[in-house]
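S.K.: First the structure, then my questions, so here it is.
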Amino acid sequence: MPAVLIKRLEQKAARPPPPRHSVDRERSRGREDGSSDEEERPLRPGETRRRIRTQSNRSIEIRGDSESSDINIDVDANDPQSPTAGLAPLWPEEEIMPIAHRPRPRTGTSHRTVTADISLSEDSADSVLSDSAESISDDEVGNGRAPRRPRHDGEARGAKRYGSGRQTLLPFKRLPTPEQPQQRDAMPADPSSPTNEVRFEQEVPHKTKPKLKKHKPQTKLTGLYVFGSGGAHIVSGRANSGHVTVDQEAEAASYARDAPAPPGRTSRSHSKRSRVSSAVDHPVTLDEFWALAGAEESDDSFVVPDAPVPQAASSQQRNILEHLNRVTVDLDVQPLPAGIAFPNTTYLGRGWLYELIHLLSGDQETPSPPSCSMFDCYLHYDMSVGAFSTCLESVYDQLRNLIFGALVPANYETCNKWQTFLHAISQHLSWLLAKSAGDVHTTLAADTESLVQRLASLMEEPVEVLPDDEKPNPLVVQVLWFLTEASCRLLCDRWRRMEEMDPTIVSTCIKALMSKLWDFTFGDSALPLDLSREGLLKPSEGQQIAELWICLLDLTSNRAFEGLFSPSRQSFWLLYLEVLQTRGLQAPQTDLRAREAMWRSIFTLCALSQFSLHGNSTMAPRLSASWQTIAAVLERAPLSADPAVDVSLSKRGLRKRDEYVRVLVSRCLWLNLKWHWRLDVDDASLVFNRLLDVFKSRRFANLADEPSDFPSFLRHSNLALLHESKRSDTAFTLFLKLVVRAADEMRKQNPQLAQATTIPPRLKKILSLAVPVGSVPFTKTTPPSAHELSMLYNRFSAVAVAVYLEPTVANLKYRLANARRYVNFKDTDNETRRACIRGAMHLGTLLRHLDLPLADILDWLGEMTNTLIDEYQAKEPGKGAADFAPLDNARRYIVVCIQLILGCVRHILETSSMNPEESRHKYPDPALLQGPWVTRVFSTATTLSSVLSTGDQIRRLVQAFLDARSLVIPKPRRPQPRVVAEDSQESQYDYDQFDLDLDDPELLAALGENLGDPEAIQNKEKDKIVCEIIDKHISPAIYRLVCKHFNDPVYKQTGELSFEDADRWIDCWVGCASVVVQNGKKDWDFYLSFGPQSWEKIIEPDWRRRVGLRFMYMLLQLDPPAYLASTDLFIEVLFQSMATPTITLEHEYMALLLSIDRLHHPLFHDLPIGAPGDDGDYHLSKHEFSDKRIAFLRVMFKNLTDSLVSESNGDHSLIARNQIHITTVSRFLETVQDIYDRLPPASVTHAAHRAFCKAVFTLLSEYPSLSNHARLAKHMNWLRGISQ
């Protein structure tokens, strides 16, 4: 027998035997000093000791080796022969001793006997290693357990705790210590770490390591051994994971570089690692949490995993990876649908929570409780206080035995029975407190408080170290809810009796319940909590856990409860924050898994808060916002960027860190959008300040791999996107949306702010921090990268949001002055210039939406335009070669920037409102056409307009202004025809006079005569200014570009022509002419026939005719009354359009002309056009026009022949009209002949046109009075030759 055991037996023999009753009491409950009669006898194989400490206010960390979790070795420290003599005891006398858990039966578990020895290494340097608190993760400390590492072949298995016959704990042989212990992850331990960790090692088979150091044989001992370690903790050999961090990758890289690779290491399996813990052991980096094989990202996830890294992770790391392979914004927790109701068999379904809260309100007397019995306790309404106190003691004993002595955790049925019985005790407690008085009442209250305190201490005591595959006992949380309910009833009774109250007893119980519920729901041993309808209605332990969370939420948010505890300010979130601090929130940088569990807990609580007191789910969550909690969680996350540290990090590590940061910012916005967390509360500024650290540390640049561009609400000119969360939003855009949401909610809650344009001081302070005033260091010599350019994009975006939130002239001037100082446009590079131009465009669009003056933004655009034009002219070649010299790279970049400015102004014109649901239209500011982008770019002093792409931008800019004007200034109405009497002798120019309704409001608005409307007067003044600008600068330039456009050799090629681009130029030209004519500056003769700006100057005949057709068609659309003054010219163009072999616009022109004329022209009588459509206009398709051309010509030739016959019969009033019509027919025949001559002889079009010529000749031959006219003889001879 060992000397140690002999010494202890001698000490036992010297002690006097204890009394009988003391022995019995010690056997049932254990002594306070932790000893019992079981300690006085030797332990049998497989047994262990347990001591219960009755007073404990702190958690105790209990760790053991993974292969000997059921063995604790105890050596008398007082024995001088002991190996630990002279060392400090591991635990003080008043603390709990480390214990192993009792065996619990497990079905289907096979047992095998493994023979080995356990011994402590003689070499203290090998067996006693460094230990520190940093090497143990917070979640492991919180639940007092260590994760189990996987067993490998050749490893001995520890003794199992289950089965009918318990397996004994077998001794193991000592594992020889190698000379060079393998390092974990190739990272050497700190040599300066204290060597005070107890390590048990396993035997390695002789086949794998034949050369082992021989050790001195030791005697196999059976018993309990305790080794003093100077106050250090016993750390398990199981696979412990370090803190999961994202900002220490540089240190990890340096460790990996400096540490030598272990020989023969082929994988990262934990079996290859030495179980070494040190204070500087590097934690796991974030990269490991995304490198998962086969991981797929859901639609709502922002973080996409990279390609898997071919490595084998340990079991605990694999569990972490499985939980973190998808880092999503909503954590898969969605708002619950309304209408979910807890069954009638649950606490909520029975109405017990409603009963409790109703009792706290004090509205009525305490109801009589129903009778209830369990084990030897019988509760009834007329029981005495003494019997109730006896029952309380019996309940305490039963619960102690169940929690500490049960072989298996309590199931759902057991918890449900105890829930019912404990609630009955609470009901009888309120009943007895209400009807008792004097000493009886005092005794009852004291006994109840004592029970609450003892049970609370009992629930806090660590019972055992559970293995990974076992769950804790859910009966604990039922007991803690009973303590909460009982303490609330006690406090309510004192409040009714107007006695002194101590609310700390309630808050202590609530905090203890929160702590246990957190472990059960979000800890390592969490029970599955299914938030679906089926999961919440299915009887299970998860349902009971969810129900207790709901009880806590509804209880702490109830007004009656808050009234009782208002002086102590014990709100739900304050207590919950204290619980989170015990779960790792106090660490400088919380474990990633712990942070994710905290976020999940917050989202889950928001979902559970949708349930009412009766257990019915509603649409909106009831949990109030606690941004203080969010700020505390964010405080432990690596949000800020440190350039000195980031430079040593890998690109992948930076990207993963920034992706996670973006997810955190998204969650803050998600809390507001989805869970209705208000941002107008006082503690919201804590989150704003914390999030600002993200962007301040990066100089307001985007996160890694985020697109460098303006946010979507500016790019799409849609302010509604400011109130939505989009996957494409950057982190800074999400932050700006949070600021906008806060401003909206502040104005919604304060009606005075809703009507004011100013913002509250609290929001103004946030804006002052969110909108930077410092410039960016971008110059021509130091151009920015694409990522660095996001600094400028974000600055302009912040300025836009600041102007949007405070739309005042003073704030506008201040913000634009800062925006112009961000960069020196003259000295910067091309990409930065483009960013400035785009920023000015978005700001100008916003100002037009807010009806703010554009003077400052246009002045900025003018400055940029002048700078670019001056640089362009300085780089132009010599005069005379400028028009033909190709653009070099320098001038090409300048031209592109000038085109961007033209497009910028055009975008401002096209966007009158940034609200997609708003259809308001305003007359555009004439200043948009007065800047140097018009006066200098359109001028002939530069060759900019000669560049084809620049000319196209000029046209698009002018057309945008014309389109915006047409939405405000309606076009003139069509003239209404008046039927002329048949005996009227009026000339052809008087044949269909039109009646104009001079009182028509639309006509008055078009003519600017509605002087009673101030907006109409203002529009008229603006239109006059625009007329002067167009007539002086724009119209000559447009006409010059039109002529250049159609005289270009490209457009002179024969064959089928493309008119899409040409029609755009003509439409712009006619639109400018319409503005000038309608304001009385010029008439249409200036543009028609041989006017100074007529299409007749176009050389190519086909294009000249096509331009004339499009011009007249647009003229009929923009100014229908012009038909009165130029009827003959419109008819002539109609005849020419019938001669074309390729139909493009001819059918639309004829239909529009006939719709305006209403067939009153003498040539249109009985025209087979058909009936008008539903809109009152005639409509023709291309095929109808082609098929009916001959029929139309037949009717018009017949009408002209009849007029000629009437003239020959003596009606001299028709002479002038007939001559005009003969001229029209003559030009028609000239056109037919010109087209025939210009077509390729062998083409299909030539053959078809030849057939058309023959049909025209045959048609004219039917009317001799017309075909024999002297002015048509030449054309008839040509037709006759073609037809033969």
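Ligands are numbered from 1 in the order shown, chains are lettered A, B, ... in the order of the structure tokens, and residues start at 1 in each chain.
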Quick one: residues within 10 Å of Arg920 (chain A), only C-alpha atoms counted, chain neighbours fewer than 3 positions away excluded, as a VMD selection string?
M.R.: chain A and resid 849 912 to 913 915 917 967 to 968
S.K.: Can you list, as a list in words, every protein, DNA or RNA residue that comes within 8 Å of region 753-766 of chain A when you count only C-alpha atoms, leaving out same-chain residues fewer than 6 positions away?
M.R.: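 Selected residues are Ser685, Phe688, Asn689, Val739, Ala742, Ala743, Met746, Arg747, Leu805, Glu806, Pro807 and Thr808 of chain A.
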S.K.: Quick check for you: according to DSSP on this backbone, which residues of region 678-880 of chain A are classed as alpha helix (DSSP H)? Reply as a VMD selection string.
M.R.: chain A and resid 684 to 696 712 to 715 731 to 749 751 to 755 761 to 770 790 to 805 809 to 821 830 to 849 855 to 874
S.K.: Would you list the contacts of Leu432 (chain A) as a list in words, taking every protein, DNA or RNA residue within 10 Å and counting only C-alpha atoms, but skipping same-chain residues closer than 5 positions in sequence?
M.R.: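 So the residues in contact are Thr366, Ser368, Pro369, Tyr381, Asp382, Met383, Ser384, Val385, Phe388, Ser426, Gln427, Ala437, Val440, His441, Leu444 and Ala445 of chain A.
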S.K.: Using only C-alpha atoms, determine which residues lie at most 7 Å from region 486-503 of chain A, disregarding the query and same-chain residues fewer than 4 positions distant; provide the list as a PyMOL selection string.
M.R.: chain A and resi 360+426+430+433+482+507+565
S.K.: Please report the interatomic distance between CA of Gln543 (chain A) and CA of Phe404 (chain A) in Å with one decimal.
M.R.: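 If I compute the distance from CA of Gln543 (chain A) to CA of Phe404 (chain A), I get 23.9 Å.
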S.K.: In Å, how far is it from CA of Leu769 (chain A) to CA of Leu736 (chain A)?
M.R.: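 Here the two named atoms are 11.7 Å from each other.
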S.K.: Using only C-alpha atoms, which of A:Ser1213, A:Ser609, A:Thr911, A:Asn473 sits nearest Asn411 (chain A)?
M.R.: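 For Asn411 (chain A), the nearest of the given residues is A:Asn473.
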S.K.: Can you tell me, as a list of chain:residue names, what residues are no more than 12 Å from Ala786 (chain A) when counting only C-alpha atoms, ignoring any on the same chain fewer than 6 positions away?
M.R.: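 Contacts, with the query itself left out: A:Ala701, A:Asn702, A:Ala704, A:Asp705, A:Glu706, A:Pro707, A:Ser708, A:Asp709, A:Phe778, A:Leu792, A:Tyr793, A:Glu831, A:Thr832, A:Ala835.
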